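Structure data (mmCIF, C-alpha atoms) from protein.cif:
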data_run
#
loop_
_atom_site.label_atom_id
_atom_site.label_comp_id
_atom_site.auth_asym_id
_atom_site.auth_seq_id
_atom_site.Cartn_x
_atom_site.Cartn_y
_atom_site.Cartn_z
CA MET A 29 200.68 -53.00 13.94
CA ALA A 30 200.97 -49.34 14.15
CA PRO A 31 198.24 -46.74 13.67
CA PRO A 32 199.16 -43.36 12.20
CA ASN A 33 199.12 -41.63 15.55
CA THR A 34 201.45 -44.14 17.17
CA ILE A 35 203.78 -45.55 14.57
CA ASP A 36 207.33 -44.71 15.48
CA ALA A 37 210.76 -46.30 15.88
CA GLY A 38 212.02 -44.93 12.59
CA LEU A 39 209.06 -45.91 10.43
CA THR A 40 207.69 -42.37 10.26
CA HIS A 41 208.19 -38.93 11.65
CA ARG A 42 204.81 -37.47 10.87
CA HIS A 43 204.04 -33.88 11.80
CA ILE A 44 200.50 -33.18 12.91
CA SER A 45 199.33 -29.65 12.36
CA ALA A 46 197.42 -27.75 14.99
CA PRO A 47 193.72 -28.63 15.06
CA THR A 48 191.03 -26.06 14.66
CA PRO A 49 189.40 -25.38 18.05
CA SER A 50 186.01 -27.04 18.19
CA ALA A 51 183.47 -28.52 20.55
CA LYS A 52 184.06 -31.91 22.07
CA PRO A 53 183.38 -34.83 19.72
CA VAL A 54 179.88 -36.23 20.05
CA TYR A 55 181.25 -39.45 21.56
CA GLU A 56 182.98 -37.54 24.36
CA ARG A 57 180.06 -35.39 25.46
CA ASN A 58 178.35 -36.64 28.61
CA TYR A 59 180.10 -40.00 28.39
CA LEU A 60 179.44 -42.30 31.33
CA ALA A 61 181.77 -45.23 31.90
CA PRO A 62 180.00 -48.61 32.07
CA GLU A 63 179.30 -50.07 35.51
CA PHE A 64 178.91 -53.77 34.70
CA THR A 65 180.70 -56.29 36.87
CA ILE A 66 182.56 -59.11 35.18
CA LYS A 67 180.30 -61.54 37.07
CA GLU A 68 177.18 -59.96 35.56
CA ILE A 69 178.67 -60.16 32.10
CA ARG A 70 179.74 -63.76 32.43
CA GLU A 71 176.37 -64.88 33.76
CA CYS A 72 174.57 -63.59 30.68
CA ILE A 73 176.45 -66.12 28.50
CA PRO A 74 175.45 -69.83 28.44
CA ALA A 75 177.98 -72.06 30.21
CA HIS A 76 178.60 -74.26 27.16
CA CYS A 77 180.12 -71.27 25.33
CA PHE A 78 183.19 -71.62 27.54
CA GLU A 79 183.75 -75.29 26.73
CA ARG A 80 186.95 -76.02 24.76
CA SER A 81 187.55 -78.99 22.47
CA GLY A 82 191.05 -79.91 21.33
CA PHE A 83 189.60 -82.23 18.69
CA ARG A 84 187.47 -79.45 17.25
CA GLY A 85 190.44 -77.09 17.28
CA LEU A 86 192.63 -79.61 15.46
CA CYS A 87 189.92 -80.10 12.86
CA HIS A 88 190.03 -76.38 12.09
CA VAL A 89 193.83 -76.54 11.82
CA ALA A 90 193.57 -79.52 9.45
CA ILE A 91 191.06 -77.70 7.24
CA ASP A 92 193.14 -74.53 7.02
CA MET A 93 196.36 -76.44 6.37
CA ALA A 94 194.58 -78.43 3.65
CA TRP A 95 193.48 -75.23 1.95
CA ALA A 96 197.00 -73.79 2.19
CA SER A 97 198.47 -76.99 0.73
CA LEU A 98 195.97 -77.10 -2.13
CA LEU A 99 196.66 -73.49 -3.01
CA PHE A 100 200.40 -74.15 -2.92
CA LEU A 101 200.05 -77.18 -5.20
CA ALA A 102 197.83 -75.24 -7.58
CA ALA A 103 200.44 -72.45 -7.69
CA THR A 104 203.08 -74.92 -8.87
CA GLN A 105 201.13 -75.16 -12.13
CA ILE A 106 200.90 -71.42 -12.82
CA ASP A 107 204.25 -71.00 -14.56
CA LYS A 108 203.44 -73.88 -16.88
CA PHE A 109 201.01 -71.66 -18.78
CA GLU A 110 202.68 -70.28 -21.88
CA ASN A 111 200.47 -67.21 -22.03
CA PRO A 112 202.08 -64.58 -19.75
CA LEU A 113 198.73 -62.83 -19.24
CA VAL A 114 197.33 -65.97 -17.62
CA ARG A 115 200.33 -66.16 -15.31
CA TYR A 116 199.99 -62.48 -14.38
CA LEU A 117 196.36 -63.07 -13.47
CA LEU A 118 196.80 -66.32 -11.56
CA TRP A 119 199.71 -65.32 -9.33
CA PRO A 120 197.80 -62.43 -7.68
CA LEU A 121 194.86 -64.79 -7.13
CA TYR A 122 197.19 -67.19 -5.33
CA TRP A 123 198.74 -64.41 -3.25
CA VAL A 124 195.38 -63.06 -2.11
CA GLY A 125 193.92 -66.50 -1.45
CA GLN A 126 196.95 -67.82 0.41
CA GLY A 127 197.14 -64.61 2.44
CA ILE A 128 193.54 -65.09 3.57
CA VAL A 129 194.04 -68.77 4.45
CA CYS A 130 197.28 -68.10 6.33
CA THR A 131 195.62 -65.28 8.26
CA GLY A 132 193.12 -67.90 9.44
CA ILE A 133 196.03 -70.12 10.48
CA TRP A 134 197.51 -67.17 12.36
CA VAL A 135 194.20 -66.73 14.20
CA LEU A 136 194.23 -70.40 15.26
CA ALA A 137 197.74 -69.97 16.67
CA HIS A 138 196.44 -66.89 18.48
CA GLU A 139 193.72 -69.10 19.99
CA CYS A 140 196.46 -71.41 21.25
CA GLY A 141 198.20 -68.48 22.91
CA HIS A 142 195.02 -67.70 24.83
CA GLN A 143 194.67 -71.36 25.85
CA SER A 144 191.24 -71.36 24.22
CA PHE A 145 192.26 -73.97 21.64
CA SER A 146 191.90 -76.90 24.05
CA THR A 147 191.99 -77.80 27.73
CA SER A 148 195.59 -79.03 27.34
CA LYS A 149 198.27 -76.38 27.83
CA THR A 150 200.82 -78.69 26.19
CA LEU A 151 198.67 -79.13 23.07
CA ASN A 152 197.92 -75.42 22.93
CA ASN A 153 201.54 -74.36 23.12
CA THR A 154 202.78 -77.07 20.76
CA VAL A 155 200.27 -76.28 18.02
CA GLY A 156 200.64 -72.53 18.56
CA TRP A 157 204.45 -72.69 18.39
CA PHE A 158 204.43 -74.59 15.10
CA LEU A 159 201.77 -72.46 13.44
CA HIS A 160 203.16 -69.11 14.54
CA SER A 161 206.76 -70.07 13.83
CA PHE A 162 205.69 -70.99 10.28
CA LEU A 163 204.42 -67.41 9.93
CA LEU A 164 207.57 -65.84 11.47
CA VAL A 165 205.85 -65.00 14.75
CA PRO A 166 207.74 -65.58 18.04
CA TYR A 167 204.92 -67.56 19.63
CA HIS A 168 205.61 -67.37 23.36
CA SER A 169 207.03 -63.84 23.22
CA TRP A 170 203.95 -62.52 21.50
CA ARG A 171 201.68 -64.68 23.69
CA ILE A 172 203.12 -62.97 26.78
CA SER A 173 202.81 -59.40 25.47
CA HIS A 174 199.36 -60.10 24.02
CA SER A 175 198.18 -61.38 27.39
CA LYS A 176 199.29 -58.10 28.93
CA HIS A 177 197.37 -56.25 26.21
CA HIS A 178 194.21 -58.15 27.13
CA LYS A 179 194.73 -57.46 30.83
CA ALA A 180 195.06 -53.70 30.25
CA THR A 181 193.15 -52.92 27.06
CA GLY A 182 192.25 -49.24 26.84
CA HIS A 183 194.63 -48.28 29.69
CA MET A 184 196.72 -45.26 28.71
CA THR A 185 199.89 -46.38 30.48
CA LYS A 186 199.59 -50.18 30.72
CA ASP A 187 198.15 -51.33 27.39
CA GLN A 188 200.73 -52.95 25.13
CA VAL A 189 199.73 -51.99 21.61
CA PHE A 190 197.79 -49.29 19.76
CA VAL A 191 198.60 -46.90 22.58
CA PRO A 192 197.36 -43.42 21.59
CA LYS A 193 199.79 -40.54 21.38
CA THR A 194 198.91 -37.55 23.55
CA ARG A 195 198.61 -33.93 22.45
CA SER A 196 202.09 -33.09 23.73
CA GLN A 197 203.65 -36.24 22.25
CA VAL A 198 202.61 -35.22 18.75
CA GLY A 199 204.04 -31.73 19.28
CA LEU A 200 200.84 -29.72 19.65
CA PRO A 201 200.51 -26.78 22.06
CA ALA A 202 198.55 -27.14 25.27
CA LYS A 203 194.79 -27.26 24.81
CA ASP A 204 194.17 -23.86 26.43
CA LYS A 205 196.86 -21.99 24.48
CA THR A 206 196.20 -19.93 21.41
CA VAL A 207 197.96 -21.29 18.37
CA GLN A 208 199.93 -18.72 16.43
CA GLU A 209 200.56 -19.46 12.77
CA ASP A 210 204.18 -18.37 13.12
CA ASP A 211 204.69 -20.82 16.00
CA GLU A 212 203.09 -23.82 14.32
CA HIS A 213 204.61 -25.16 11.11
CA VAL A 214 201.60 -26.44 9.17
CA HIS A 215 202.31 -29.32 6.82
CA LEU A 216 199.57 -29.08 4.25
CA ASP A 217 200.98 -31.98 2.22
CA GLU A 218 200.28 -34.49 4.99
CA GLU A 219 196.56 -33.87 4.59
CA ALA A 220 196.73 -34.80 0.91
CA PRO A 221 195.09 -38.16 0.18
CA ILE A 222 198.23 -39.45 -1.56
CA VAL A 223 200.27 -38.89 1.60
CA THR A 224 197.68 -40.63 3.76
CA LEU A 225 197.65 -43.56 1.34
CA PHE A 226 201.44 -43.77 1.50
CA TRP A 227 201.48 -44.04 5.30
CA MET A 228 198.64 -46.53 5.18
CA LEU A 229 200.71 -48.70 2.84
CA ILE A 230 203.70 -48.53 5.20
CA GLN A 231 201.56 -49.39 8.18
CA PHE A 232 199.69 -52.28 6.61
CA LEU A 233 202.75 -53.98 5.12
CA PHE A 234 205.35 -53.36 7.81
CA GLY A 235 203.47 -52.38 10.97
CA TRP A 236 203.24 -55.96 12.27
CA PRO A 237 206.95 -56.88 11.94
CA ALA A 238 207.81 -53.40 13.26
CA TYR A 239 205.74 -54.06 16.36
CA LEU A 240 207.48 -57.38 16.93
CA ALA A 241 210.97 -56.02 16.28
CA VAL A 242 210.91 -52.57 17.88
CA ASN A 243 207.54 -52.33 19.67
CA ALA A 244 206.15 -49.76 17.21
CA SER A 245 202.77 -48.49 18.50
CA GLY A 246 203.49 -50.01 21.94
CA GLN A 247 204.30 -48.39 25.27
CA ASN A 248 207.43 -46.24 25.37
CA TYR A 249 209.78 -47.96 27.79
CA GLY A 250 212.68 -45.58 27.13
CA GLN A 251 214.85 -48.35 25.70
CA TRP A 252 214.96 -50.80 22.82
CA THR A 253 211.93 -53.01 23.27
CA SER A 254 211.50 -56.10 21.15
CA HIS A 255 209.79 -59.48 21.15
CA PHE A 256 213.06 -61.09 20.12
CA HIS A 257 215.45 -60.35 22.98
CA THR A 258 215.25 -61.77 26.48
CA TRP A 259 216.08 -58.52 28.30
CA SER A 260 213.15 -56.63 26.78
CA PRO A 261 211.08 -54.80 29.44
CA ILE A 262 208.05 -56.70 28.13
CA PHE A 263 209.36 -59.86 29.78
CA GLU A 264 210.34 -61.08 33.22
CA ALA A 265 213.30 -63.31 34.10
CA ARG A 266 211.05 -66.37 34.19
CA ASN A 267 210.19 -65.81 30.49
CA PHE A 268 213.80 -66.39 29.34
CA THR A 269 213.28 -69.93 28.02
CA ASP A 270 210.02 -69.05 26.32
CA VAL A 271 211.63 -66.14 24.46
CA VAL A 272 214.57 -68.29 23.34
CA LEU A 273 212.21 -71.03 22.17
CA SER A 274 210.18 -68.44 20.27
CA ASP A 275 213.29 -67.09 18.55
CA LEU A 276 214.34 -70.62 17.67
CA GLY A 277 211.02 -71.24 15.90
CA VAL A 278 211.42 -68.09 13.80
CA LEU A 279 215.06 -68.93 13.01
CA VAL A 280 214.09 -72.42 11.82
CA THR A 281 211.57 -70.92 9.40
CA LEU A 282 214.06 -68.30 8.21
CA GLY A 283 216.62 -71.05 7.71
CA ALA A 284 214.15 -73.03 5.62
CA LEU A 285 213.39 -69.96 3.52
CA ILE A 286 217.09 -69.23 2.96
CA TYR A 287 217.75 -72.85 2.04
CA SER A 288 214.81 -72.81 -0.38
CA SER A 289 216.11 -69.58 -1.92
CA ILE A 290 219.46 -71.26 -2.58
CA GLN A 291 217.86 -74.40 -3.96
CA PHE A 292 215.08 -72.84 -6.04
CA SER A 293 215.87 -69.07 -6.22
CA LEU A 294 214.80 -66.06 -4.20
CA LEU A 295 212.14 -65.26 -6.80
CA THR A 296 210.50 -68.62 -6.19
CA VAL A 297 210.40 -68.11 -2.42
CA THR A 298 209.07 -64.61 -2.96
CA LYS A 299 206.21 -65.85 -5.12
CA TYR A 300 205.22 -68.77 -2.94
CA TYR A 301 205.84 -67.41 0.58
CA ILE A 302 206.95 -63.79 0.92
CA VAL A 303 204.10 -62.12 -0.98
CA PRO A 304 201.40 -64.14 0.84
CA TYR A 305 203.21 -63.31 4.09
CA LEU A 306 202.85 -59.60 3.28
CA PHE A 307 199.14 -60.15 2.69
CA VAL A 308 198.91 -61.77 6.14
CA ASN A 309 200.58 -58.66 7.56
CA PHE A 310 198.01 -56.53 5.75
CA TRP A 311 195.04 -58.41 7.17
CA LEU A 312 196.45 -58.54 10.71
CA VAL A 313 197.11 -54.83 10.88
CA LEU A 314 193.84 -53.90 9.21
CA ILE A 315 191.82 -56.10 11.56
CA THR A 316 193.53 -55.03 14.78
CA PHE A 317 193.76 -51.38 13.76
CA LEU A 318 190.03 -51.18 13.17
CA GLN A 319 189.29 -53.09 16.37
CA HIS A 320 191.19 -50.66 18.58
CA THR A 321 191.32 -47.35 16.71
CA ASP A 322 188.00 -45.58 16.28
CA PRO A 323 186.59 -42.16 17.26
CA LYS A 324 183.89 -43.90 19.34
CA LEU A 325 186.34 -45.71 21.62
CA PRO A 326 187.33 -44.23 25.00
CA HIS A 327 190.70 -44.72 26.68
CA TYR A 328 191.07 -44.63 30.44
CA ARG A 329 193.71 -43.47 32.87
CA GLU A 330 194.61 -45.00 36.23
CA GLY A 331 191.78 -44.74 38.74
CA THR A 332 189.05 -44.86 36.10
CA TRP A 333 190.08 -47.98 34.22
CA ASN A 334 188.97 -51.45 35.19
CA PHE A 335 189.14 -54.71 33.27
CA GLN A 336 185.58 -54.79 31.95
CA ARG A 337 185.68 -51.15 30.87
CA GLY A 338 188.92 -51.78 29.03
CA ALA A 339 187.62 -54.95 27.40
CA LEU A 340 184.74 -52.95 25.94
CA CYS A 341 187.22 -50.55 24.27
CA THR A 342 187.06 -52.49 21.03
CA VAL A 343 184.82 -52.56 17.96
CA ASP A 344 183.07 -55.46 16.27
CA ARG A 345 182.80 -55.25 12.48
CA SER A 346 182.09 -57.53 9.56
CA PHE A 347 184.34 -58.10 6.57
CA GLY A 348 181.60 -60.09 4.87
CA LYS A 349 180.50 -63.66 5.59
CA PHE A 350 183.31 -65.29 3.63
CA LEU A 351 186.16 -63.41 5.31
CA ASP A 352 184.48 -63.55 8.72
CA HIS A 353 184.41 -67.33 8.33
CA MET A 354 187.96 -67.65 7.03
CA PHE A 355 189.24 -65.46 9.87
CA HIS A 356 187.43 -67.61 12.44
CA GLY A 357 185.20 -64.82 13.70
CA ILE A 358 187.99 -62.64 15.03
CA VAL A 359 186.56 -59.58 13.29
CA HIS A 360 182.90 -59.61 14.32
CA THR A 361 183.21 -61.20 17.81
CA HIS A 362 186.15 -59.28 19.20
CA VAL A 363 184.26 -57.72 22.10
CA ALA A 364 183.39 -61.19 23.42
CA HIS A 365 186.98 -62.28 22.87
CA HIS A 366 188.33 -59.40 24.96
CA LEU A 367 185.91 -60.06 27.76
CA PHE A 368 186.63 -63.80 27.85
CA SER A 369 189.78 -64.64 25.93
CA GLN A 370 189.67 -68.33 26.87
CA MET A 371 186.32 -68.74 25.14
CA PRO A 372 186.89 -70.68 21.87
CA PHE A 373 186.13 -68.73 18.70
CA TYR A 374 183.41 -71.15 17.56
CA HIS A 375 181.24 -70.15 20.54
CA ALA A 376 181.95 -66.40 20.36
CA GLU A 377 179.16 -65.57 17.92
CA GLU A 378 176.51 -67.08 20.19
CA ALA A 379 178.06 -65.32 23.18
CA THR A 380 178.01 -62.02 21.29
CA ALA A 381 174.26 -62.27 20.78
CA HIS A 382 173.78 -62.50 24.56
CA LEU A 383 176.29 -59.74 25.25
CA LYS A 384 174.45 -57.30 23.02
CA LYS A 385 171.34 -57.62 25.15
CA LEU A 386 173.17 -56.91 28.40
CA LEU A 387 175.64 -54.26 27.24
CA GLY A 388 173.24 -52.16 25.19
CA LYS A 389 174.92 -48.94 24.04
CA TYR A 390 178.23 -50.10 25.51
CA TYR A 391 178.49 -52.82 22.90
CA VAL A 392 180.20 -51.16 19.94
CA TYR A 393 179.44 -52.46 16.46
CA ASP A 394 180.32 -50.41 13.42
CA ASP A 395 178.80 -51.20 10.03
CA THR A 396 180.68 -48.50 8.14
CA PRO A 397 182.14 -50.00 4.94
CA ILE A 398 185.66 -51.19 5.77
CA VAL A 399 187.43 -48.88 3.31
CA LEU A 400 185.62 -45.83 4.67
CA ALA A 401 186.11 -46.91 8.29
CA THR A 402 189.84 -47.37 7.70
CA TRP A 403 190.15 -43.95 6.08
CA ARG A 404 188.16 -42.29 8.87
CA SER A 405 190.18 -43.86 11.67
CA PHE A 406 193.46 -43.13 9.92
CA ARG A 407 192.59 -39.47 9.45
CA GLU A 408 190.67 -38.73 12.64
CA CYS A 409 192.37 -40.81 15.34
CA ARG A 410 195.57 -38.78 15.73
CA PHE A 411 195.93 -38.10 19.46
CA VAL A 412 194.20 -37.84 22.85
CA GLU A 413 194.42 -35.11 25.47
CA ASP A 414 197.23 -35.09 28.03
CA GLU A 415 194.73 -34.79 30.85
CA GLY A 416 191.41 -36.36 31.72
CA ASP A 417 190.34 -39.66 33.22
CA VAL A 418 188.48 -40.67 30.05
CA VAL A 419 189.82 -39.49 26.71
CA PHE A 420 188.79 -39.92 23.08
CA PHE A 421 190.73 -39.69 19.84
CA LYS A 422 190.99 -36.31 18.14
CA LYS A 423 192.34 -35.20 14.78
#

Once you've parsed the file, please lay out its structure as structure tokens.
Amino acid sequence: MAPPNTIDAGLTHRHISAPTPSAKPVYERNYLAPEFTIKEIRECIPAHCFERSGFRGLCHVAIDMAWASLLFLAATQIDKFENPLVRYLLWPLYWVGQGIVCTGIWVLAHECGHQSFSTSKTLNNTVGWFLHSFLLVPYHSWRISHSKHHKATGHMTKDQVFVPKTRSQVGLPAKDKTVQEDDEHVHLDEEAPIVTLFWMLIQFLFGWPAYLAVNASGQNYGQWTSHFHTWSPIFEARNFTDVVLSDLGVLVTLGALIYSSIQFSLLTVTKYYIVPYLFVNFWLVLITFLQHTDPKLPHYREGTWNFQRGALCTVDRSFGKFLDHMFHGIVHTHVAHHLFSQMPFYHAEEATAHLKKLLGKYYVYDDTPIVLATWRSFRECRFVEDEGDVVFFKK
């Protein structure tokens, strides 16, 4: 998961040309940080919204797994059609459909990582490990780093992912210095739509595994940082067993894929698993990118940040009723999720209705069409200033 202003670790080496001096963005002018206490926020939500049901969670898993199985079985019939045009039409339908269903399965595993799936830690971690391992996610490793993300969302030096680059990090001169054309090599080609589309493709297909493998878009720890090795600065010594267990789950799935490739061919595994897996990557990066990368969102530095302010540094959107349902509400109830991550997803929509009333202008919902919102955030959210207690994205 790596936005254009933060993707690194060998995926890109983008050059950002000097911006034209202008007034502060409208979102930055006269911004006042919210003053709500977490107690005030919690009290505005009915108590039953925090109740977790393992049975209800397992029912959602059963439904999603049933859909995935039915799609898989249906796909086994595609190559039996003699007409190649029919096959060329049906395979993409399977890939898109299975990618959507498996993204929902990923979200349920994510619920397990937050312990919002049930009241049983053992059930949560068992279900989460199986589901995430199936999707090549190191369950405990990501659970640990994701918890840190929730505890420091919007913090410039402690957040774990989608950390904005600063003006100096992208190679721009200091804000108060005059930019000379001879001193600044302007790359006009990077502003071309085709170039933007290329980097979007790289981000949406490979940003998620790049984050897991090399911490792309995460904090710069000055050393190789990965979710797959036990000495990563993300983890503490007590996390050793969890990291090993997470790696084991991914290795088991990789082993099954390699075995299947030998038994049935790599092409078969590609059609049934790899392409849908890439679609899952696409949805995950698109969803999380749009939740945390927007011109309206502030980022805070030490001394100004607190938990509730950081939790409000996210955007609710809608992908349409069908996708919102299939993704278990993770798109349009993300503010509630960041405030109370142990609240089960099936109560988050009701909680959001109450939060809107209390938070007012500090509740951020964006109804910009998803394609346009993605394009805007990709083009306009390039960097933040090196100084300032509260900073906003600039282009």

Close residues, segment 248-256 of chain A itself excluded, 12 Å, all atoms listed in the file, min 6 positions apart in chain, as a PyMOL selection string: chain A and resi 34-37+164-174+184-193+197+236-242+262-263+267-279

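Taking only C-alpha atoms, the non-local environment of Gln105 of chain A within 12 Å (same-chain residues fewer than 2 positions away omitted) comprises Leu98, Leu99, Phe100, Leu101, Ala102, Ala103, Asp107, Lys108, Phe109, Glu110, Val114, Arg115, Leu118, Trp119, Tyr122 and Tyr300 of chain A.
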
Explicit residue set for the PyMOL selection byres ((chain A and resi 72-83) around 6), as a PyMOL selection string: chain A and resi 69-71+84-86+146+371+375+379+382

Return as JSON lines the residues of segment 148-208 of chain A lying at most 6 Å from segment 328-348 of chain A, together with the closest atom-to-atom pair for each and the distance in Å to one decimal, counting all atoms listed in the file, with rows in chain order and ascending residue number.
{"residue": "A:Thr181", "atom": "CA", "partner": "A:Gly338", "partner_atom": "CA", "distance": 4.8}
{"residue": "A:Gly182", "atom": "CA", "partner": "A:Gly338", "partner_atom": "CA", "distance": 4.7}
{"residue": "A:His183", "atom": "CA", "partner": "A:Tyr328", "partner_atom": "CA", "distance": 5.2}
{"residue": "A:Met184", "atom": "CA", "partner": "A:Arg329", "partner_atom": "CA", "distance": 5.4}

Explicit residue set for the PyMOL selection byres ((chain A and resi 302-304) around 8), as an MDAnalysis selection string: chainID A and resid 123:124 126:127 130 297:301 305:308

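Interatomic distance, atom CA of Asp394 of chain A against atom CA of Gln370 of chain A: 24.3 Å.
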
Nearest residue to Ala244 of chain A from the set A:Phe226, A:Gln231, A:Ala376, A:Glu139 (distances using all atoms listed in the file): A:Gln231

Picked residues, the PyMOL selection byres ((chain A and resi 194) around 7), expected as a PyMOL selection string: chain A and resi 192-193+195-198+411-414

Nearest residue to Pro261 of chain A from the set A:Gln247, A:Asn58, A:Thr131, A:Thr65 (distances using all atoms listed in the file):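 Counting all atoms listed in the file, the residue closest to Pro261 of chain A is A:Gln247.
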
Spatial neighbours of segment 89-91 of chain A, 8 Å, only C-alpha atoms, chain gap at least 4 places, as a PyMOL selection string: chain A and resi 85+95+133+136

Create the file for the chosen residues now, containing C-alpha atoms and written as a short mmCIF file (atom, residue, chain, number, x, y, z; two decimals), in the coordinates of the input.
data_model
loop_
_atom_site.label_atom_id
_atom_site.label_comp_id
_atom_site.auth_asym_id
_atom_site.auth_seq_id
_atom_site.Cartn_x
_atom_site.Cartn_y
_atom_site.Cartn_z
CA GLY A 85 190.44 -77.09 17.28
CA TRP A 95 193.48 -75.23 1.95
CA ILE A 133 196.03 -70.12 10.48
CA LEU A 136 194.23 -70.40 15.26
#

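Nearest residue to Leu400 of chain A among A:Asp322, A:Glu415, A:Glu378, A:Glu68 is A:Asp322, counting all atoms listed in the file.
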